[in-house]
>>> print(open('upload.cif').read())   # mmCIF, C-alpha atoms
data_protein
loop_
_atom_site.label_atom_id
_atom_site.label_comp_id
_atom_site.auth_asym_id
_atom_site.auth_seq_id
_atom_site.Cartn_x
_atom_site.Cartn_y
_atom_site.Cartn_z
CA MET A 1 115.81 57.79 0.46
CA ILE A 2 117.19 60.09 3.17
CA GLN A 3 117.60 63.72 2.11
CA ARG A 4 120.80 65.09 3.60
CA SER A 5 119.89 68.75 3.28
CA ASP A 6 119.61 70.15 6.80
CA THR A 7 123.14 71.48 7.23
CA ARG A 8 122.23 73.61 10.28
CA LEU A 9 120.87 70.60 12.18
CA GLY A 10 123.89 68.60 11.03
CA ILE A 11 126.26 71.19 12.51
CA ILE A 12 124.35 71.16 15.82
CA LEU A 13 124.48 67.36 15.93
CA MET A 14 128.20 67.28 15.05
CA THR A 15 128.90 69.82 17.80
CA ALA A 16 127.01 67.63 20.27
CA THR A 17 128.92 64.59 18.98
CA THR A 18 132.31 66.20 19.53
CA PHE A 19 131.29 67.32 23.03
CA VAL A 20 130.27 63.76 23.98
CA PHE A 21 133.46 62.29 22.49
CA ALA A 22 135.53 64.87 24.39
CA LEU A 23 133.74 63.79 27.58
CA GLN A 24 134.73 60.22 26.71
CA ASP A 25 138.34 61.28 26.37
CA VAL A 26 138.36 62.92 29.81
CA ILE A 27 136.84 59.86 31.52
CA SER A 28 139.15 57.50 29.61
CA ARG A 29 142.13 59.60 30.69
CA VAL A 30 141.12 59.40 34.35
CA LEU A 31 140.31 55.67 34.34
CA ALA A 32 143.40 54.71 32.32
CA SER A 33 145.53 56.52 34.90
CA GLU A 34 144.23 54.08 37.53
CA TYR A 35 143.72 50.87 35.52
CA ASN A 36 145.26 49.11 32.53
CA VAL A 37 144.44 50.85 29.24
CA MET A 38 143.49 47.60 27.51
CA MET A 39 140.95 46.73 30.20
CA VAL A 40 139.33 50.16 29.98
CA VAL A 41 139.06 49.93 26.18
CA MET A 42 137.74 46.36 26.41
CA ILE A 43 134.84 47.36 28.65
CA ARG A 44 134.06 50.28 26.32
CA TYR A 45 133.86 47.82 23.45
CA TRP A 46 131.48 45.49 25.32
CA PHE A 47 128.88 48.22 25.47
CA PHE A 48 129.69 49.54 22.00
CA ALA A 49 129.31 46.07 20.44
CA ALA A 50 125.93 45.62 22.14
CA PHE A 51 124.87 48.98 20.68
CA VAL A 52 126.08 47.98 17.20
CA VAL A 53 124.19 44.68 17.28
CA ALA A 54 121.03 46.44 18.51
CA ILE A 55 121.25 48.89 15.60
CA ALA A 56 121.82 46.03 13.13
CA ALA A 57 118.83 44.09 14.48
CA ARG A 58 116.54 47.00 13.56
CA LYS A 59 117.67 47.05 9.92
CA PRO A 60 115.74 45.18 7.18
CA GLY A 61 116.81 41.54 7.27
CA GLY A 62 118.24 41.85 10.78
CA VAL A 63 121.77 41.07 11.91
CA ARG A 64 122.35 38.37 9.27
CA ALA A 65 121.68 40.79 6.40
CA VAL A 66 123.76 43.60 7.89
CA ALA A 67 126.71 41.28 8.64
CA LYS A 68 126.92 40.07 5.04
CA THR A 69 130.01 41.54 3.40
CA LYS A 70 131.76 41.16 0.07
CA GLN A 71 135.17 41.93 1.59
CA PRO A 72 135.60 40.30 5.02
CA VAL A 73 139.39 40.76 5.09
CA VAL A 74 139.09 44.53 4.62
CA GLN A 75 136.39 44.72 7.29
CA ILE A 76 138.46 42.70 9.77
CA ILE A 77 141.52 44.89 9.20
CA ARG A 78 139.34 48.00 9.72
CA GLY A 79 138.04 46.67 13.02
CA LEU A 80 141.51 45.72 14.23
CA LEU A 81 142.93 49.11 13.25
CA LEU A 82 140.28 51.07 15.14
CA SER A 83 140.54 48.93 18.26
CA ALA A 84 144.33 49.25 18.31
CA GLN A 85 144.10 52.99 17.58
CA ILE A 86 141.78 53.58 20.53
CA ASN A 87 144.20 51.77 22.86
CA VAL A 88 147.10 53.85 21.57
CA MET A 89 145.19 57.14 21.86
CA VAL A 90 144.06 56.46 25.43
CA LEU A 91 147.68 55.62 26.27
CA ALA A 92 148.64 58.99 24.76
CA PHE A 93 146.16 60.73 27.08
CA VAL A 94 147.94 59.17 30.06
CA LEU A 95 151.45 59.94 28.82
CA LEU A 96 150.95 63.43 27.37
CA GLY A 97 147.54 64.65 28.52
CA LEU A 98 144.53 65.66 26.45
CA VAL A 99 145.85 68.97 25.11
CA GLU A 100 149.05 67.80 23.42
CA SER A 101 147.60 64.42 22.39
CA HIS A 102 144.70 66.03 20.55
CA ALA A 103 146.96 68.70 19.07
CA ILE A 104 149.07 66.02 17.38
CA PHE A 105 146.08 63.77 16.57
CA ALA A 106 144.47 66.69 14.70
CA SER A 107 146.82 65.87 11.82
CA TYR A 108 144.84 62.78 10.81
CA PRO A 109 142.80 64.51 8.04
CA LEU A 110 146.07 65.56 6.40
CA ILE A 111 147.41 62.01 6.67
CA ILE A 112 144.20 60.82 4.99
CA ALA A 113 144.77 63.36 2.22
CA ALA A 114 148.38 62.21 1.80
CA LEU A 115 147.50 58.50 1.63
CA SER A 116 144.31 58.76 -0.42
CA GLY A 117 146.39 58.60 -3.60
CA PRO A 118 148.28 55.33 -3.04
CA ILE A 119 145.40 53.60 -1.20
CA LEU A 120 142.30 54.83 -3.01
CA GLY A 121 143.83 55.91 -6.29
CA GLU A 122 142.63 59.50 -5.86
CA LYS A 123 144.46 62.33 -7.58
CA VAL A 124 146.54 64.45 -5.20
CA GLY A 125 146.86 67.94 -6.68
CA TRP A 126 149.23 70.71 -5.69
CA PRO A 127 146.72 72.44 -3.37
CA ARG A 128 146.39 69.25 -1.34
CA VAL A 129 150.17 68.74 -1.33
CA PHE A 130 150.57 72.33 -0.06
CA ALA A 131 148.04 71.70 2.74
CA ILE A 132 149.82 68.47 3.74
CA MET A 133 153.20 70.23 3.86
CA ALA A 134 151.72 73.08 5.92
CA GLY A 135 150.21 70.57 8.34
CA PHE A 136 153.59 68.88 8.69
CA VAL A 137 155.12 72.24 9.59
CA GLY A 138 152.43 72.61 12.28
CA ILE A 139 153.34 69.21 13.76
CA VAL A 140 157.03 70.21 13.80
CA ILE A 141 156.10 73.41 15.67
CA ILE A 142 154.19 71.34 18.24
CA LEU A 143 156.99 68.80 18.74
CA GLN A 144 159.84 71.37 18.61
CA PRO A 145 162.59 68.91 17.64
CA GLY A 146 166.02 70.41 18.31
CA VAL A 147 164.60 73.16 20.51
CA LYS A 148 163.91 71.04 23.57
CA VAL A 149 164.57 67.44 24.57
CA PHE A 150 162.28 65.41 22.31
CA SER A 151 159.79 63.28 24.23
CA PRO A 152 159.33 59.80 22.72
CA ALA A 153 155.79 59.89 24.15
CA ALA A 154 154.92 62.47 21.46
CA ILE A 155 155.14 59.67 18.89
CA VAL A 156 152.20 57.85 20.53
CA PRO A 157 149.37 60.22 19.41
CA LEU A 158 151.04 60.48 15.99
CA VAL A 159 150.82 56.68 15.68
CA ALA A 160 147.17 56.95 16.74
CA ALA A 161 146.57 59.58 14.03
CA ILE A 162 148.16 57.35 11.38
CA GLY A 163 146.08 54.40 12.58
CA PHE A 164 142.84 56.39 12.45
CA ALA A 165 143.71 57.74 9.01
CA LEU A 166 144.25 54.20 7.70
CA TYR A 167 140.98 53.10 9.31
CA SER A 168 139.15 56.00 7.66
CA LEU A 169 140.65 55.26 4.25
CA LEU A 170 139.73 51.57 4.51
CA THR A 171 136.22 52.61 5.57
CA ARG A 172 135.96 54.68 2.40
CA TYR A 173 137.36 51.75 0.39
CA ALA A 174 134.91 49.29 1.99
CA GLY A 175 132.06 51.68 1.21
CA ARG A 176 132.51 50.94 -2.51
CA LYS A 177 130.95 47.49 -1.98
CA ASP A 178 129.42 47.41 1.51
CA THR A 179 126.82 49.62 3.17
CA ALA A 180 127.64 51.92 6.07
CA ALA A 181 125.56 49.67 8.35
CA THR A 182 127.70 46.65 7.40
CA SER A 183 130.94 48.52 8.08
CA PHE A 184 129.58 49.79 11.40
CA PHE A 185 128.61 46.24 12.41
CA TRP A 186 132.04 44.83 11.60
CA THR A 187 133.73 47.71 13.43
CA GLY A 188 131.99 46.77 16.67
CA THR A 189 132.14 42.99 16.42
CA VAL A 190 135.77 42.72 15.33
CA GLY A 191 136.70 45.29 17.95
CA ILE A 192 135.07 43.39 20.80
CA VAL A 193 136.78 40.13 19.82
CA PHE A 194 140.22 41.77 19.61
CA SER A 195 139.89 43.96 22.69
CA SER A 196 138.49 41.11 24.81
CA ALA A 197 141.18 38.66 23.67
CA VAL A 198 143.82 41.11 24.87
CA GLY A 199 142.13 43.06 27.65
CA VAL A 200 140.85 40.09 29.68
CA TRP A 201 144.44 39.30 30.70
CA PHE A 202 144.74 42.72 32.33
CA TRP A 203 141.56 42.64 34.40
CA GLN A 204 141.61 44.70 37.61
CA ASN A 205 138.84 45.19 40.14
CA MET A 206 137.58 48.75 40.26
CA THR A 207 136.17 50.86 43.06
CA THR A 208 132.43 51.61 43.13
CA THR A 209 133.10 55.18 42.03
CA HIS A 210 135.17 54.06 39.08
CA TYR A 211 132.52 51.51 38.06
CA PHE A 212 130.10 54.43 37.93
CA TRP A 213 132.42 56.44 35.67
CA MET A 214 132.99 53.37 33.51
CA ALA A 215 129.22 53.12 33.06
CA VAL A 216 129.10 56.80 32.08
CA LEU A 217 131.94 56.16 29.62
CA CYS A 218 130.07 53.27 27.99
CA VAL A 219 126.76 55.15 27.75
CA SER A 220 128.46 58.27 26.36
CA GLY A 221 130.19 56.12 23.74
CA ALA A 222 126.88 54.75 22.47
CA LEU A 223 125.34 58.23 22.59
CA GLY A 224 128.26 59.72 20.67
CA HIS A 225 128.02 57.15 17.88
CA TRP A 226 124.23 57.56 17.70
CA LEU A 227 124.66 61.33 17.35
CA LEU A 228 127.28 60.78 14.64
CA ILE A 229 124.94 58.49 12.71
CA ARG A 230 122.15 61.08 12.96
CA THR A 231 124.57 63.79 11.81
CA TYR A 232 125.34 61.99 8.57
CA GLU A 233 121.68 61.17 8.07
CA VAL A 234 120.63 64.83 7.96
CA ALA A 235 123.67 66.56 6.41
CA GLU A 236 126.42 65.99 3.87
CA ALA A 237 129.65 64.77 5.44
CA SER A 238 131.72 67.44 3.67
CA ALA A 239 129.55 70.19 5.18
CA VAL A 240 129.84 69.08 8.80
CA GLN A 241 133.26 67.39 8.92
CA PRO A 242 135.21 70.62 9.67
CA PHE A 243 133.23 70.93 12.90
CA ALA A 244 134.78 67.65 14.07
CA TYR A 245 137.75 69.81 15.13
CA LEU A 246 135.59 71.03 18.02
CA GLN A 247 136.51 67.80 19.81
CA LEU A 248 140.04 69.22 20.09
CA VAL A 249 138.63 72.44 21.56
CA PHE A 250 136.35 70.70 24.08
CA ALA A 251 138.98 68.13 25.11
CA SER A 252 141.65 70.83 25.53
CA MET A 253 139.33 72.98 27.65
CA ALA A 254 138.53 69.97 29.84
CA GLY A 255 142.23 69.15 30.17
CA ILE A 256 143.05 72.71 31.20
CA PHE A 257 140.14 73.36 33.59
CA PHE A 258 139.61 69.92 35.14
CA LEU A 259 142.94 68.10 34.83
CA GLY A 260 145.31 71.02 35.40
CA GLU A 261 146.98 70.81 31.98
CA THR A 262 148.49 73.78 30.18
CA LEU A 263 148.48 75.02 26.57
CA PRO A 264 152.06 75.87 25.59
CA VAL A 265 152.47 78.65 23.03
CA ASN A 266 154.14 76.34 20.49
CA VAL A 267 151.24 73.87 20.76
CA ALA A 268 148.67 76.64 20.24
CA ILE A 269 150.53 77.93 17.14
CA GLY A 270 151.19 74.46 15.74
CA VAL A 271 147.66 73.19 16.14
CA SER A 272 146.32 76.40 14.53
CA VAL A 273 148.45 75.66 11.47
CA VAL A 274 147.32 72.01 11.40
CA ILE A 275 143.64 72.94 11.70
CA ALA A 276 143.94 75.65 9.03
CA ALA A 277 145.54 73.13 6.66
CA GLY A 278 142.85 70.59 7.45
CA LEU A 279 140.03 73.07 6.88
CA PHE A 280 141.60 74.09 3.57
CA THR A 281 141.61 70.42 2.54
CA PHE A 282 137.93 70.03 3.48
CA TRP A 283 137.07 73.22 1.59
CA ARG A 284 138.85 72.00 -1.54
CA GLU A 285 137.08 68.62 -1.39
CA ARG A 286 133.69 70.28 -0.94
CA ARG A 287 134.36 72.64 -3.83
CA LYS A 288 135.33 69.76 -6.11
CA SER A 289 132.23 67.79 -5.10
CA ASN A 290 129.97 70.77 -5.80
CA ALA A 291 131.64 71.27 -9.18
CA VAL A 292 130.88 67.66 -10.13
CA LEU A 293 127.28 67.83 -8.91
CA ASN A 294 126.58 71.29 -10.34
CA PRO A 295 128.60 71.75 -13.53
CA GLN A 296 128.23 75.17 -15.15
#
>>> encode(input="upload.cif", output="structure tokens")
Amino acid sequence: MIQRSDTRLGIILMTATTFVFALQDVISRVLASEYNVMMVVMIRYWFFAAFVVAIAARKPGGVRAVAKTKQPVVQIIRGLLLSAQINVMVLAFVLLGLVESHAIFASYPLIIAALSGPILGEKVGWPRVFAIMAGFVGIVIILQPGVKVFSPAAIVPLVAAIGFALYSLLTRYAGRKDTAATSFFWTGTVGIVFSSAVGVWFWQNMTTTHYFWMAVLCVSGALGHWLLIRTYEVAEASAVQPFAYLQLVFASMAGIFFLGETLPVNVAIGVSVVIAAGLFTFWRERRKSNAVLNPQ
């Protein structure tokens, strides 16, 4: 049995994970500006699926054992949700840029908290409700409705955040009966079927330089997921999850320094509120978990 007790190593690994995923976002943003979003995501999934199958083959019983699930419908919906969410988020990068897209997407932990009651049957107390409301205020500050002309493009990363929140909740739901390895396998295989069925119709030939960056994108994707797996192997999820917000920091820095984006004051204030609300939610969940594990 794996002992998840090395929180320091877990934080280092999560930091590395967020850096790699931020690198993915930058490359995806550049490639999707030149080629169809669905084609870019499809090629990402080809490499990701190969990585997933390779991981499954190393498990006891091989691919057949890992693929066995007690809830195929839930697993299929999970895979479809994540594949669609990635397409929507990459589109958001093109329409809004990395800074504003990630600022709005940072609300997904609060959406998870809001929907955990109706979907998972978890109790939503007043502290969590307060955090959700505060996060909503942060999103309003970012979008500034009524202050400036509202951009419909701002809805795109919000849709991506809702999609990722639903995917995360279904992953937690699936975890009641299936192993993490099984869910990971279905994520990759369902995703490649869906993305290929759609993306193949939008195929475009790329330049040699862009093929190189596509290769870097695919390799970084596999590396990022491997780092994430290692993170959860060595540390408790509740201890390292707050550091996932570093992806917002890294992606925003890349957008500002390499893509010429800016960080408007309202976005900086709004995202600070959203992150604070999210961290409060993580802190409350960790406190509750510790209270259950270590009753006085």
>>> resolve_selection(input="upload.cif", expression="the PyMOL selection byres ((chain A and resi 183) around 10)", output="MDAnalysis selection string")
chainID A and resid 66:69 72 74:76 78:79 170:172 174:175 178:182 184:188
>>> atom_distance(input="upload.cif", atom1="CA of Trp213 (chain A)", atom2="CA of Val30 (chain A)")
9.3 Å
>>> atom_distance(input="upload.cif", atom1="CA of Ser168 (chain A)", atom2="CA of Val240 (chain A)")
16.1 Å
>>> atom_distance(input="upload.cif", atom1="CA of Glu100 (chain A)", atom2="CA of Leu82 (chain A)")
20.6 Å
>>> closest_atom_pairs(input="upload.cif", of="region 76-119 of chain A", to="region 41-58 of chain A", cutoff="9 Å", atoms="all atoms listed in the file", output="JSON lines")
{"residue": "A:Ser83", "atom": "CA", "partner": "A:Val41", "partner_atom": "CA", "distance": 8.1}
{"residue": "A:Ile86", "atom": "CA", "partner": "A:Val41", "partner_atom": "CA", "distance": 7.3}
{"residue": "A:Asn87", "atom": "CA", "partner": "A:Val41", "partner_atom": "CA", "distance": 6.4}
{"residue": "A:Val90", "atom": "CA", "partner": "A:Val41", "partner_atom": "CA", "distance": 8.3}
>>> residues_around(input="upload.cif", residues="region 228-237 of chain A", least_positions_apart="3", cutoff="9 Å", atoms="only C-alpha atoms", output="short mmCIF file (atom, residue, chain, number, x, y, z; two decimals) with C-alpha atoms, in the coordinates of the input")
data_model
loop_
_atom_site.label_atom_id
_atom_site.label_comp_id
_atom_site.auth_asym_id
_atom_site.auth_seq_id
_atom_site.Cartn_x
_atom_site.Cartn_y
_atom_site.Cartn_z
CA ILE A 2 117.19 60.09 3.17
CA GLN A 3 117.60 63.72 2.11
CA ARG A 4 120.80 65.09 3.60
CA SER A 5 119.89 68.75 3.28
CA ASP A 6 119.61 70.15 6.80
CA THR A 7 123.14 71.48 7.23
CA ARG A 8 122.23 73.61 10.28
CA LEU A 9 120.87 70.60 12.18
CA GLY A 10 123.89 68.60 11.03
CA ILE A 11 126.26 71.19 12.51
CA ILE A 12 124.35 71.16 15.82
CA LEU A 13 124.48 67.36 15.93
CA MET A 14 128.20 67.28 15.05
CA ALA A 16 127.01 67.63 20.27
CA THR A 17 128.92 64.59 18.98
CA THR A 18 132.31 66.20 19.53
CA LEU A 223 125.34 58.23 22.59
CA GLY A 224 128.26 59.72 20.67
CA HIS A 225 128.02 57.15 17.88
CA VAL A 240 129.84 69.08 8.80
CA GLN A 241 133.26 67.39 8.92
#
>>> residues_around(input="upload.cif", residues="Tyr108 (chain A)", least_positions_apart="2", cutoff="10 Å", atoms="all atoms listed in the file", output="ChimeraX atom specification")
/A:104-106,110-114,135,158-166,168,274,278
